[in-house]
$ cat work_38.pdb   # PDB, C-alpha atoms
ATOM      1  CA  MET Q   1      90.159 115.720 148.976  1.00  0.00           C
ATOM      2  CA  LEU Q   2      93.857 115.917 148.189  1.00  0.00           C
ATOM      3  CA  PHE Q   3      95.795 117.409 151.107  1.00  0.00           C
ATOM      4  CA  ARG Q   4      99.553 117.958 151.142  1.00  0.00           C
ATOM      5  CA  GLN Q   5     101.747 119.595 153.774  1.00  0.00           C
ATOM      6  CA  LEU Q   6     104.849 121.274 152.282  1.00  0.00           C
ATOM      7  CA  PHE Q   7     107.800 122.645 154.265  1.00  0.00           C
ATOM      8  CA  ASP Q   8     110.245 125.537 153.952  1.00  0.00           C
ATOM      9  CA  ALA Q   9     113.295 124.681 156.045  1.00  0.00           C
ATOM     10  CA  GLU Q  10     114.690 128.229 156.191  1.00  0.00           C
ATOM     11  CA  THR Q  11     111.669 129.646 158.025  1.00  0.00           C
ATOM     12  CA  SER Q  12     110.055 126.411 159.309  1.00  0.00           C
ATOM     13  CA  THR Q  13     106.917 127.430 157.404  1.00  0.00           C
ATOM     14  CA  TYR Q  14     104.236 124.980 156.317  1.00  0.00           C
ATOM     15  CA  THR Q  15     102.424 125.586 153.045  1.00  0.00           C
ATOM     16  CA  TYR Q  16      99.288 123.556 152.385  1.00  0.00           C
ATOM     17  CA  LEU Q  17      98.145 122.319 148.988  1.00  0.00           C
ATOM     18  CA  ILE Q  18      94.484 121.345 148.984  1.00  0.00           C
ATOM     19  CA  ALA Q  19      92.554 120.195 145.924  1.00  0.00           C
ATOM     20  CA  ASP Q  20      89.264 118.702 144.818  1.00  0.00           C
ATOM     21  CA  THR Q  21      90.129 115.351 143.233  1.00  0.00           C
ATOM     22  CA  VAL Q  22      87.287 115.541 140.713  1.00  0.00           C
ATOM     23  CA  SER Q  23      87.565 119.086 139.356  1.00  0.00           C
ATOM     24  CA  LYS Q  24      91.369 119.129 139.911  1.00  0.00           C
ATOM     25  CA  GLU Q  25      91.085 122.700 141.193  1.00  0.00           C
ATOM     26  CA  ALA Q  26      93.518 123.608 143.963  1.00  0.00           C
ATOM     27  CA  ILE Q  27      94.289 126.113 146.712  1.00  0.00           C
ATOM     28  CA  LEU Q  28      97.672 126.927 148.233  1.00  0.00           C
ATOM     29  CA  VAL Q  29      97.598 128.236 151.804  1.00  0.00           C
ATOM     30  CA  ASP Q  30     100.528 130.416 152.908  1.00  0.00           C
ATOM     31  CA  PRO Q  31     102.846 129.891 149.908  1.00  0.00           C
ATOM     32  CA  VAL Q  32     106.518 130.911 150.298  1.00  0.00           C
ATOM     33  CA  LEU Q  33     108.245 132.937 147.567  1.00  0.00           C
ATOM     34  CA  GLU Q  34     111.381 130.787 147.481  1.00  0.00           C
ATOM     35  CA  ARG Q  35     109.282 127.613 147.074  1.00  0.00           C
ATOM     36  CA  VAL Q  36     107.061 128.718 144.178  1.00  0.00           C
ATOM     37  CA  GLU Q  37     108.890 126.549 141.632  1.00  0.00           C
ATOM     38  CA  ARG Q  38     108.488 123.500 143.880  1.00  0.00           C
ATOM     39  CA  ASP Q  39     104.793 124.202 144.295  1.00  0.00           C
ATOM     40  CA  CYS Q  40     104.234 124.724 140.564  1.00  0.00           C
ATOM     41  CA  GLN Q  41     106.063 121.502 139.757  1.00  0.00           C
ATOM     42  CA  LEU Q  42     103.831 119.595 142.166  1.00  0.00           C
ATOM     43  CA  LEU Q  43     100.705 121.173 140.676  1.00  0.00           C
ATOM     44  CA  LYS Q  44     101.873 120.083 137.230  1.00  0.00           C
ATOM     45  CA  GLU Q  45     102.706 116.545 138.318  1.00  0.00           C
ATOM     46  CA  LEU Q  46      99.320 116.126 139.996  1.00  0.00           C
ATOM     47  CA  GLY Q  47      97.410 117.688 137.086  1.00  0.00           C
ATOM     48  CA  LEU Q  48      95.973 120.466 139.214  1.00  0.00           C
ATOM     49  CA  THR Q  49      94.850 123.998 138.358  1.00  0.00           C
ATOM     50  CA  LEU Q  50      95.634 126.589 141.021  1.00  0.00           C
ATOM     51  CA  LYS Q  51      92.579 128.769 141.645  1.00  0.00           C
ATOM     52  CA  TYR Q  52      93.469 130.551 144.881  1.00  0.00           C
ATOM     53  CA  CYS Q  53      96.372 131.502 147.130  1.00  0.00           C
ATOM     54  CA  LEU Q  54      94.980 131.910 150.631  1.00  0.00           C
ATOM     55  CA  GLU Q  55      96.816 133.697 153.452  1.00  0.00           C
ATOM     56  CA  THR Q  56      96.262 133.181 157.164  1.00  0.00           C
ATOM     57  CA  HIS Q  57      97.739 136.650 157.876  1.00  0.00           C
ATOM     58  CA  ILE Q  58     100.378 139.186 156.841  1.00  0.00           C
ATOM     59  CA  HIS Q  59     103.561 137.259 157.595  1.00  0.00           C
ATOM     60  CA  ALA Q  60     106.657 138.762 159.212  1.00  0.00           C
ATOM     61  CA  ASP Q  61     109.075 135.870 158.741  1.00  0.00           C
ATOM     62  CA  HIS Q  62     108.811 135.085 155.036  1.00  0.00           C
ATOM     63  CA  ILE Q  63     107.650 136.684 151.798  1.00  0.00           C
ATOM     64  CA  THR Q  64     104.544 135.145 150.329  1.00  0.00           C
ATOM     65  CA  GLY Q  65     104.624 133.525 146.904  1.00  0.00           C
ATOM     66  CA  THR Q  66     101.186 134.837 145.967  1.00  0.00           C
ATOM     67  CA  ALA Q  67     102.296 137.620 143.582  1.00  0.00           C
ATOM     68  CA  LYS Q  68     104.580 135.280 141.642  1.00  0.00           C
ATOM     69  CA  LEU Q  69     101.984 132.523 141.559  1.00  0.00           C
ATOM     70  CA  ARG Q  70      99.351 134.952 140.255  1.00  0.00           C
ATOM     71  CA  LYS Q  71     101.610 135.811 137.337  1.00  0.00           C
ATOM     72  CA  MET Q  72     102.369 132.171 136.600  1.00  0.00           C
ATOM     73  CA  THR Q  73      98.901 130.644 137.049  1.00  0.00           C
ATOM     74  CA  ASP Q  74      96.281 133.468 136.984  1.00  0.00           C
ATOM     75  CA  CYS Q  75      95.110 132.398 140.442  1.00  0.00           C
ATOM     76  CA  LEU Q  76      93.452 134.843 142.830  1.00  0.00           C
ATOM     77  CA  GLY Q  77      95.028 136.084 146.062  1.00  0.00           C
ATOM     78  CA  ILE Q  78      92.810 136.001 149.167  1.00  0.00           C
ATOM     79  CA  VAL Q  79      93.719 137.577 152.511  1.00  0.00           C
ATOM     80  CA  PRO Q  80      91.821 138.012 155.797  1.00  0.00           C
ATOM     81  CA  GLU Q  81      89.365 140.848 156.222  1.00  0.00           C
ATOM     82  CA  ASN Q  82      90.954 144.053 157.555  1.00  0.00           C
ATOM     83  CA  ALA Q  83      94.492 142.989 156.641  1.00  0.00           C
ATOM     84  CA  GLN Q  84      96.678 145.822 155.364  1.00  0.00           C
ATOM     85  CA  ALA Q  85      97.087 144.365 151.877  1.00  0.00           C
ATOM     86  CA  VAL Q  86      96.578 146.630 148.884  1.00  0.00           C
ATOM     87  CA  CYS Q  87      96.986 143.737 146.498  1.00  0.00           C
ATOM     88  CA  ALA Q  88      94.234 141.307 147.427  1.00  0.00           C
ATOM     89  CA  ASP Q  89      91.785 140.036 144.833  1.00  0.00           C
ATOM     90  CA  LYS Q  90      89.429 139.165 147.672  1.00  0.00           C
ATOM     91  CA  PHE Q  91      89.159 139.645 151.438  1.00  0.00           C
ATOM     92  CA  ILE Q  92      87.658 136.729 153.349  1.00  0.00           C
ATOM     93  CA  LYS Q  93      85.408 137.317 156.366  1.00  0.00           C
ATOM     94  CA  ASP Q  94      84.831 135.384 159.572  1.00  0.00           C
ATOM     95  CA  GLY Q  95      82.383 132.547 158.916  1.00  0.00           C
ATOM     96  CA  GLU Q  96      82.689 132.825 155.143  1.00  0.00           C
ATOM     97  CA  VAL Q  97      83.000 129.501 153.322  1.00  0.00           C
ATOM     98  CA  LEU Q  98      85.207 129.232 150.260  1.00  0.00           C
ATOM     99  CA  GLU Q  99      83.982 126.408 148.016  1.00  0.00           C
ATOM    100  CA  LEU Q 100      85.964 124.642 145.322  1.00  0.00           C
ATOM    101  CA  GLY Q 101      84.318 121.478 144.017  1.00  0.00           C
ATOM    102  CA  SER Q 102      83.772 119.305 147.080  1.00  0.00           C
ATOM    103  CA  LEU Q 103      86.078 121.480 149.197  1.00  0.00           C
ATOM    104  CA  LYS Q 104      84.552 123.718 151.832  1.00  0.00           C
ATOM    105  CA  ILE Q 105      87.008 126.001 153.621  1.00  0.00           C
ATOM    106  CA  GLU Q 106      85.518 127.977 156.511  1.00  0.00           C
ATOM    107  CA  ALA Q 107      87.287 131.097 157.762  1.00  0.00           C
ATOM    108  CA  ILE Q 108      87.551 131.454 161.543  1.00  0.00           C
ATOM    109  CA  THR Q 109      88.825 134.789 162.798  1.00  0.00           C
ATOM    110  CA  THR Q 110      91.641 134.275 165.303  1.00  0.00           C
ATOM    111  CA  PRO Q 111      93.312 137.626 166.051  1.00  0.00           C
ATOM    112  CA  GLY Q 112      96.140 137.807 168.549  1.00  0.00           C
ATOM    113  CA  HIS Q 113      99.298 137.014 166.604  1.00  0.00           C
ATOM    114  CA  THR Q 114      98.267 139.879 164.326  1.00  0.00           C
ATOM    115  CA  ASP Q 115      95.106 141.968 164.310  1.00  0.00           C
ATOM    116  CA  SER Q 116      93.770 140.279 161.149  1.00  0.00           C
ATOM    117  CA  HIS Q 117      94.508 136.567 161.432  1.00  0.00           C
ATOM    118  CA  MET Q 118      92.367 133.683 160.158  1.00  0.00           C
ATOM    119  CA  ALA Q 119      92.334 129.955 160.741  1.00  0.00           C
ATOM    120  CA  TYR Q 120      90.706 127.764 158.094  1.00  0.00           C
ATOM    121  CA  LEU Q 121      88.625 124.631 158.707  1.00  0.00           C
ATOM    122  CA  VAL Q 122      88.768 122.365 155.666  1.00  0.00           C
ATOM    123  CA  ASN Q 123      85.800 120.034 155.124  1.00  0.00           C
ATOM    124  CA  GLY Q 124      85.123 120.093 158.864  1.00  0.00           C
ATOM    125  CA  THR Q 125      88.161 117.928 159.655  1.00  0.00           C
ATOM    126  CA  ASN Q 126      91.474 119.692 158.947  1.00  0.00           C
ATOM    127  CA  LEU Q 127      92.147 122.942 160.811  1.00  0.00           C
ATOM    128  CA  LEU Q 128      94.848 125.200 159.388  1.00  0.00           C
ATOM    129  CA  THR Q 129      95.780 127.354 162.368  1.00  0.00           C
ATOM    130  CA  GLY Q 130      98.434 129.616 160.851  1.00  0.00           C
ATOM    131  CA  ASP Q 131     100.395 131.352 163.617  1.00  0.00           C
ATOM    132  CA  SER Q 132      97.651 131.168 166.232  1.00  0.00           C
ATOM    133  CA  LEU Q 133      97.484 127.681 167.755  1.00  0.00           C
ATOM    134  CA  LEU Q 134     100.748 125.769 167.268  1.00  0.00           C
ATOM    135  CA  ILE Q 135     101.567 122.203 168.286  1.00  0.00           C
ATOM    136  CA  ARG Q 136     102.159 122.481 172.047  1.00  0.00           C
ATOM    137  CA  GLY Q 137     102.437 126.248 171.731  1.00  0.00           C
ATOM    138  CA  CYS Q 138     101.011 129.382 170.124  1.00  0.00           C
ATOM    139  CA  GLY Q 139     102.202 132.282 168.014  1.00  0.00           C
ATOM    140  CA  ARG Q 140     103.864 135.340 169.507  1.00  0.00           C
ATOM    141  CA  THR Q 141     101.753 138.419 170.255  1.00  0.00           C
ATOM    142  CA  ASP Q 142     104.279 141.252 170.518  1.00  0.00           C
ATOM    143  CA  PHE Q 143     104.137 142.933 167.088  1.00  0.00           C
ATOM    144  CA  GLN Q 144     101.861 143.735 164.091  1.00  0.00           C
ATOM    145  CA  GLY Q 145      98.881 144.626 166.243  1.00  0.00           C
ATOM    146  CA  GLY Q 146      99.290 141.489 168.323  1.00  0.00           C
ATOM    147  CA  SER Q 147      97.409 141.018 171.577  1.00  0.00           C
ATOM    148  CA  ALA Q 148      97.828 138.280 174.165  1.00  0.00           C
ATOM    149  CA  LEU Q 149      94.274 138.836 175.382  1.00  0.00           C
ATOM    150  CA  ARG Q 150      92.851 138.397 171.885  1.00  0.00           C
ATOM    151  CA  MET Q 151      95.074 135.358 171.292  1.00  0.00           C
ATOM    152  CA  TYR Q 152      93.786 133.712 174.478  1.00  0.00           C
ATOM    153  CA  GLU Q 153      90.182 134.431 173.505  1.00  0.00           C
ATOM    154  CA  SER Q 154      90.688 133.260 169.913  1.00  0.00           C
ATOM    155  CA  ILE Q 155      92.193 129.935 170.856  1.00  0.00           C
ATOM    156  CA  THR Q 156      90.093 129.093 173.899  1.00  0.00           C
ATOM    157  CA  GLN Q 157      86.761 130.303 172.480  1.00  0.00           C
ATOM    158  CA  ARG Q 158      87.097 129.650 168.742  1.00  0.00           C
ATOM    159  CA  LEU Q 159      89.552 126.756 168.249  1.00  0.00           C
ATOM    160  CA  LEU Q 160      89.668 124.614 171.391  1.00  0.00           C
ATOM    161  CA  THR Q 161      85.854 124.402 171.288  1.00  0.00           C
ATOM    162  CA  LEU Q 162      86.002 122.416 168.028  1.00  0.00           C
ATOM    163  CA  PRO Q 163      85.592 118.604 168.173  1.00  0.00           C
ATOM    164  CA  ASP Q 164      88.528 116.813 169.817  1.00  0.00           C
ATOM    165  CA  GLU Q 165      89.216 114.769 166.683  1.00  0.00           C
ATOM    166  CA  THR Q 166      89.761 117.886 164.543  1.00  0.00           C
ATOM    167  CA  LEU Q 167      93.254 117.710 163.020  1.00  0.00           C
ATOM    168  CA  VAL Q 168      95.512 120.683 163.775  1.00  0.00           C
ATOM    169  CA  TYR Q 169      97.894 121.763 161.006  1.00  0.00           C
ATOM    170  CA  PRO Q 170      99.987 124.789 162.082  1.00  0.00           C
ATOM    171  CA  GLY Q 171     101.661 127.435 159.962  1.00  0.00           C
ATOM    172  CA  HIS Q 172     105.021 126.671 161.567  1.00  0.00           C
ATOM    173  CA  ASP Q 173     106.789 124.091 163.640  1.00  0.00           C
ATOM    174  CA  TYR Q 174     110.344 124.374 164.925  1.00  0.00           C
ATOM    175  CA  ARG Q 175     110.626 120.911 166.490  1.00  0.00           C
ATOM    176  CA  GLY Q 176     109.680 118.641 163.609  1.00  0.00           C
ATOM    177  CA  ASN Q 177     106.024 118.124 164.521  1.00  0.00           C
ATOM    178  CA  THR Q 178     103.600 117.943 161.601  1.00  0.00           C
ATOM    179  CA  VAL Q 179     100.076 117.471 162.962  1.00  0.00           C
ATOM    180  CA  SER Q 180      98.142 117.356 166.217  1.00  0.00           C
ATOM    181  CA  THR Q 181      94.486 117.318 167.254  1.00  0.00           C
ATOM    182  CA  ILE Q 182      92.290 119.695 169.218  1.00  0.00           C
ATOM    183  CA  GLY Q 183      91.929 116.991 171.881  1.00  0.00           C
ATOM    184  CA  GLU Q 184      95.708 116.706 172.259  1.00  0.00           C
ATOM    185  CA  GLU Q 185      96.204 120.448 172.531  1.00  0.00           C
ATOM    186  CA  LYS Q 186      93.480 120.738 175.160  1.00  0.00           C
ATOM    187  CA  LEU Q 187      95.367 118.187 177.259  1.00  0.00           C
ATOM    188  CA  TRP Q 188      99.001 118.998 176.591  1.00  0.00           C
ATOM    189  CA  ASN Q 189      99.519 122.533 175.274  1.00  0.00           C
ATOM    190  CA  PRO Q 190     101.568 124.258 178.034  1.00  0.00           C
ATOM    191  CA  ARG Q 191     100.472 127.727 176.919  1.00  0.00           C
ATOM    192  CA  PHE Q 192      96.875 127.003 177.916  1.00  0.00           C
ATOM    193  CA  VAL Q 193      96.599 123.953 180.171  1.00  0.00           C
ATOM    194  CA  GLY Q 194      96.207 125.127 183.753  1.00  0.00           C
ATOM    195  CA  LEU Q 195      96.744 128.816 182.943  1.00  0.00           C
ATOM    196  CA  THR Q 196      94.205 131.530 183.596  1.00  0.00           C
ATOM    197  CA  GLN Q 197      93.748 134.361 181.118  1.00  0.00           C
ATOM    198  CA  SER Q 198      95.870 136.718 183.235  1.00  0.00           C
ATOM    199  CA  GLU Q 199      98.618 134.104 183.647  1.00  0.00           C
ATOM    200  CA  PHE Q 200      98.697 133.569 179.872  1.00  0.00           C
ATOM    201  CA  ILE Q 201      99.001 137.318 179.272  1.00  0.00           C
ATOM    202  CA  GLU Q 202     101.871 137.537 181.765  1.00  0.00           C
ATOM    203  CA  LEU Q 203     103.610 134.553 180.136  1.00  0.00           C
ATOM    204  CA  MET Q 204     103.388 136.075 176.660  1.00  0.00           C
ATOM    205  CA  ALA Q 205     104.662 139.436 177.927  1.00  0.00           C
ATOM    206  CA  ASN Q 206     107.850 137.843 179.206  1.00  0.00           C
ATOM    207  CA  LEU Q 207     108.897 135.648 176.267  1.00  0.00           C
ATOM    208  CA  ASN Q 208     111.468 138.224 175.065  1.00  0.00           C
ATOM    209  CA  LEU Q 209     111.721 136.733 171.572  1.00  0.00           C
ATOM    210  CA  PRO Q 210     114.003 138.253 168.910  1.00  0.00           C
ATOM    211  CA  ASP Q 211     112.357 139.724 165.816  1.00  0.00           C
ATOM    212  CA  PRO Q 212     112.130 137.435 162.782  1.00  0.00           C
ATOM    213  CA  LYS Q 213     115.189 137.879 160.571  1.00  0.00           C
ATOM    214  CA  LYS Q 214     113.122 138.963 157.553  1.00  0.00           C
ATOM    215  CA  ILE Q 215     110.583 141.209 159.303  1.00  0.00           C
ATOM    216  CA  MET Q 216     111.773 144.479 157.729  1.00  0.00           C
ATOM    217  CA  GLU Q 217     111.450 143.137 154.194  1.00  0.00           C
ATOM    218  CA  ALA Q 218     108.661 140.602 154.689  1.00  0.00           C
ATOM    219  CA  VAL Q 219     105.909 142.814 156.138  1.00  0.00           C
ATOM    220  CA  PRO Q 220     105.957 145.551 153.443  1.00  0.00           C
ATOM    221  CA  ALA Q 221     106.363 142.936 150.699  1.00  0.00           C
ATOM    222  CA  ASN Q 222     103.439 140.899 152.023  1.00  0.00           C
ATOM    223  CA  GLU Q 223     101.235 143.982 152.121  1.00  0.00           C
ATOM    224  CA  LYS Q 224     101.745 143.802 148.331  1.00  0.00           C
ATOM    225  CA  CYS Q 225     101.103 140.004 148.287  1.00  0.00           C
ATOM    226  CA  GLY Q 226     104.808 139.344 147.874  1.00  0.00           C
ATOM    227  CA  ASN Q 227     105.364 141.671 144.926  1.00  0.00           C
ATOM    228  CA  VAL Q 228     108.876 142.746 145.921  1.00  0.00           C
ATOM    229  CA  ALA Q 229     109.352 144.817 142.754  1.00  0.00           C
ATOM    230  CA  ALA Q 230     106.308 146.988 143.411  1.00  0.00           C
TER     231      ALA Q 230
END
$ encode --input "work_38.pdb" --output "structure tokens"
Amino acid sequence: MLFRQLFDAETSTYTYLIADTVSKEAILVDPVLERVERDCQLLKELGLTLKYCLETHIHADHITGTAKLRKMTDCLGIVPENAQAVCADKFIKDGEVLELGSLKIEAITTPGHTDSHMAYLVNGTNLLTGDSLLIRGCGRTDFQGGSALRMYESITQRLLTLPDETLVYPGHDYRGNTVSTIGEEKLWNPRFVGLTQSEFIELMANLNLPDPKKIMEAVPANEKCGNVAA
């Protein structure tokens, strides 16, 4: 398996390039519109064919690169089941496994940040958590159908029950962290360690975070897979 973590400094977004080293077929998870040329250049340099763009959720902080990448590569755009996306080539369901050569990517429903959020477990070892479980934190729950209760249940019942050695790759990091493990987060994540469900809900209700700068343009654009001209 080829696995690369790519970064967009403006939004602190991680995009993940994953490929089967034999077939040279690749997937991009959470591509960013402004980084499409970078991603295409890397695909070319590595001799890869992009088959899928895979979203963890409908983003509010950046516009996805899926629409542009579809035009450039003929890849398919995949979004979580029940997401408000009129553009998707395919909706992926909880427990569904996307296979590409030796790659097996299992969808794990993790609502809370939004009402249609997925994490993806790659080959049983690398967990792409999107905006649900972050390194020593978690995603916000105060817009786009978010729910602190569902976030708590998603992370404690679906993600923190995975093996301790599972690698955690988040959709964002604002402090320069790149990777963690389930075992680390169970020990050191202040959003969950020592907090009851009700205490977590109270904590999330009092974060008072500002809206993402691009929310007004990003959400409607991402419901069209990033097709800003549509």
$ closest_residue --input "work_38.pdb" --among "Q:Pro220, Q:Gly130, Q:Gly124, Q:Pro190" --to "Leu162 (chain Q)" --atoms "only C-alpha atoms"
Q:Gly124
$ closest_residue --input "work_38.pdb" --among "Q:Ala60, Q:Ala85, Q:Gly226, Q:Asn208" --to "Val36 (chain Q)" --atoms "only C-alpha atoms"
Q:Gly226
$ resolve_selection --input "work_38.pdb" --expression "the PyMOL selection byres ((chain Q and resi 185) around 10)" --output "ChimeraX atom specification"
/Q:133-137,160,164,168,180-184,186-193
$ write_last_selection --input "work_38.pdb" --atoms "C-alpha atoms" --output "PDB file, in the frame of the given file"
ATOM      1  CA  LEU Q 133      97.484 127.681 167.755  1.00  0.00           C
ATOM      2  CA  LEU Q 134     100.748 125.769 167.268  1.00  0.00           C
ATOM      3  CA  ILE Q 135     101.567 122.203 168.286  1.00  0.00           C
ATOM      4  CA  ARG Q 136     102.159 122.481 172.047  1.00  0.00           C
ATOM      5  CA  GLY Q 137     102.437 126.248 171.731  1.00  0.00           C
ATOM      6  CA  LEU Q 160      89.668 124.614 171.391  1.00  0.00           C
ATOM      7  CA  ASP Q 164      88.528 116.813 169.817  1.00  0.00           C
ATOM      8  CA  VAL Q 168      95.512 120.683 163.775  1.00  0.00           C
ATOM      9  CA  SER Q 180      98.142 117.356 166.217  1.00  0.00           C
ATOM     10  CA  THR Q 181      94.486 117.318 167.254  1.00  0.00           C
ATOM     11  CA  ILE Q 182      92.290 119.695 169.218  1.00  0.00           C
ATOM     12  CA  GLY Q 183      91.929 116.991 171.881  1.00  0.00           C
ATOM     13  CA  GLU Q 184      95.708 116.706 172.259  1.00  0.00           C
ATOM     14  CA  LYS Q 186      93.480 120.738 175.160  1.00  0.00           C
ATOM     15  CA  LEU Q 187      95.367 118.187 177.259  1.00  0.00           C
ATOM     16  CA  TRP Q 188      99.001 118.998 176.591  1.00  0.00           C
ATOM     17  CA  ASN Q 189      99.519 122.533 175.274  1.00  0.00           C
ATOM     18  CA  PRO Q 190     101.568 124.258 178.034  1.00  0.00           C
ATOM     19  CA  ARG Q 191     100.472 127.727 176.919  1.00  0.00           C
ATOM     20  CA  PHE Q 192      96.875 127.003 177.916  1.00  0.00           C
ATOM     21  CA  VAL Q 193      96.599 123.953 180.171  1.00  0.00           C
TER      22      VAL Q 193
END
$ atom_distance --input "work_38.pdb" --atom1 "CA of Glu10 (chain Q)" --atom2 "CA of Val219 (chain Q)"
17.0 Å
$ closest_residue --input "work_38.pdb" --among "Q:Pro210, Q:Gly176, Q:Gly194, Q:Gly112" --to "Ser147 (chain Q)" --atoms "all atoms listed in the file"
Q:Gly112
$ resolve_selection --input "work_38.pdb" --expression "the PyMOL selection byres ((chain Q and resi 65) around 10)" --output "PDB file with C-alpha atoms, keeping the file's coordinate frame"
ATOM      1  CA  LEU Q  28      97.672 126.927 148.233  1.00  0.00           C
ATOM      2  CA  ASP Q  30     100.528 130.416 152.908  1.00  0.00           C
ATOM      3  CA  PRO Q  31     102.846 129.891 149.908  1.00  0.00           C
ATOM      4  CA  VAL Q  32     106.518 130.911 150.298  1.00  0.00           C
ATOM      5  CA  LEU Q  33     108.245 132.937 147.567  1.00  0.00           C
ATOM      6  CA  GLU Q  34     111.381 130.787 147.481  1.00  0.00           C
ATOM      7  CA  ARG Q  35     109.282 127.613 147.074  1.00  0.00           C
ATOM      8  CA  VAL Q  36     107.061 128.718 144.178  1.00  0.00           C
ATOM      9  CA  GLU Q  37     108.890 126.549 141.632  1.00  0.00           C
ATOM     10  CA  ASP Q  39     104.793 124.202 144.295  1.00  0.00           C
ATOM     11  CA  CYS Q  53      96.372 131.502 147.130  1.00  0.00           C
ATOM     12  CA  HIS Q  62     108.811 135.085 155.036  1.00  0.00           C
ATOM     13  CA  ILE Q  63     107.650 136.684 151.798  1.00  0.00           C
ATOM     14  CA  THR Q  64     104.544 135.145 150.329  1.00  0.00           C
ATOM     15  CA  THR Q  66     101.186 134.837 145.967  1.00  0.00           C
ATOM     16  CA  ALA Q  67     102.296 137.620 143.582  1.00  0.00           C
ATOM     17  CA  LYS Q  68     104.580 135.280 141.642  1.00  0.00           C
ATOM     18  CA  LEU Q  69     101.984 132.523 141.559  1.00  0.00           C
ATOM     19  CA  ARG Q  70      99.351 134.952 140.255  1.00  0.00           C
ATOM     20  CA  GLY Q  77      95.028 136.084 146.062  1.00  0.00           C
ATOM     21  CA  ASN Q 222     103.439 140.899 152.023  1.00  0.00           C
ATOM     22  CA  CYS Q 225     101.103 140.004 148.287  1.00  0.00           C
ATOM     23  CA  GLY Q 226     104.808 139.344 147.874  1.00  0.00           C
ATOM     24  CA  ASN Q 227     105.364 141.671 144.926  1.00  0.00           C
TER      25      ASN Q 227
END
$ residues_around --input "work_38.pdb" --residues "Pro80 (chain Q)" --least-positions-apart "5" --cutoff "12 Å" --atoms "all atoms listed in the file" --output "ChimeraX atom specification"
/Q:30,53-59,85,88-96,106-111,114-120,130,223
$ residues_near_point --input "work_38.pdb" --point "(105.8, 119.5, 159.5)" --cutoff "8 Å" --atoms "only C-alpha atoms" --output "mmCIF file with C-alpha atoms, keeping the file's coordinate frame"
data_model
loop_
_atom_site.group_PDB
_atom_site.id
_atom_site.type_symbol
_atom_site.label_atom_id
_atom_site.label_comp_id
_atom_site.auth_asym_id
_atom_site.auth_seq_id
_atom_site.Cartn_x
_atom_site.Cartn_y
_atom_site.Cartn_z
ATOM 1 C CA GLN Q 5 101.747 119.595 153.774
ATOM 2 C CA LEU Q 6 104.849 121.274 152.282
ATOM 3 C CA PHE Q 7 107.800 122.645 154.265
ATOM 4 C CA TYR Q 14 104.236 124.980 156.317
ATOM 5 C CA HIS Q 172 105.021 126.671 161.567
ATOM 6 C CA ASP Q 173 106.789 124.091 163.640
ATOM 7 C CA GLY Q 176 109.680 118.641 163.609
ATOM 8 C CA ASN Q 177 106.024 118.124 164.521
ATOM 9 C CA THR Q 178 103.600 117.943 161.601
ATOM 10 C CA VAL Q 179 100.076 117.471 162.962
#
$ resolve_selection --input "work_38.pdb" --expression "the PyMOL selection byres ((chain Q and resi 201) around 12)" --output "ChimeraX atom specification"
/Q:112,140-142,146-153,191-192,195-200,202-207
$ residues_near_point --input "work_38.pdb" --point "(100.1, 120.9, 139.4)" --cutoff "12 Å" --atoms "only C-alpha atoms" --output "number ranges by chain"
Q: 2, 17-19, 24-28, 36-51, 69, 72-73
$ atom_distance --input "work_38.pdb" --atom1 "CA of Thr161 (chain Q)" --atom2 "CA of Phe143 (chain Q)"
26.4 Å
$ decode --input "work_38.pdb" --residues "region 90-97 of chain Q" --atoms "N, CA, C and O atoms" --output "compact mmCIF listing (two decimals), in the first residue's frame"
# COMPACT_ATOMS: atom_id res chain seq x y z
N LYS Q 90 -21.55 7.77 -6.35
CA LYS Q 90 -21.86 6.64 -5.48
C LYS Q 90 -21.97 7.14 -4.05
O LYS Q 90 -21.24 8.03 -3.63
N PHE Q 91 -22.91 6.56 -3.30
CA PHE Q 91 -23.02 6.80 -1.86
C PHE Q 91 -22.52 5.55 -1.14
O PHE Q 91 -22.92 4.44 -1.49
N ILE Q 92 -21.67 5.73 -0.16
CA ILE Q 92 -21.10 4.59 0.56
C ILE Q 92 -21.81 4.43 1.90
O ILE Q 92 -22.11 5.40 2.59
N LYS Q 93 -22.11 3.17 2.26
CA LYS Q 93 -22.88 2.86 3.45
C LYS Q 93 -21.99 2.37 4.58
O LYS Q 93 -20.88 1.89 4.36
N ASP Q 94 -22.50 2.46 5.79
CA ASP Q 94 -21.80 1.93 6.96
C ASP Q 94 -21.49 0.45 6.76
O ASP Q 94 -22.37 -0.33 6.38
N GLY Q 95 -20.25 0.06 6.99
CA GLY Q 95 -19.84 -1.33 6.85
C GLY Q 95 -19.46 -1.74 5.45
O GLY Q 95 -18.89 -2.83 5.26
N GLU Q 96 -19.73 -0.89 4.46
CA GLU Q 96 -19.37 -1.22 3.09
C GLU Q 96 -17.86 -1.15 2.92
O GLU Q 96 -17.19 -0.29 3.49
N VAL Q 97 -17.31 -2.06 2.13
CA VAL Q 97 -15.88 -2.10 1.89
C VAL Q 97 -15.60 -1.76 0.43
O VAL Q 97 -16.10 -2.42 -0.48
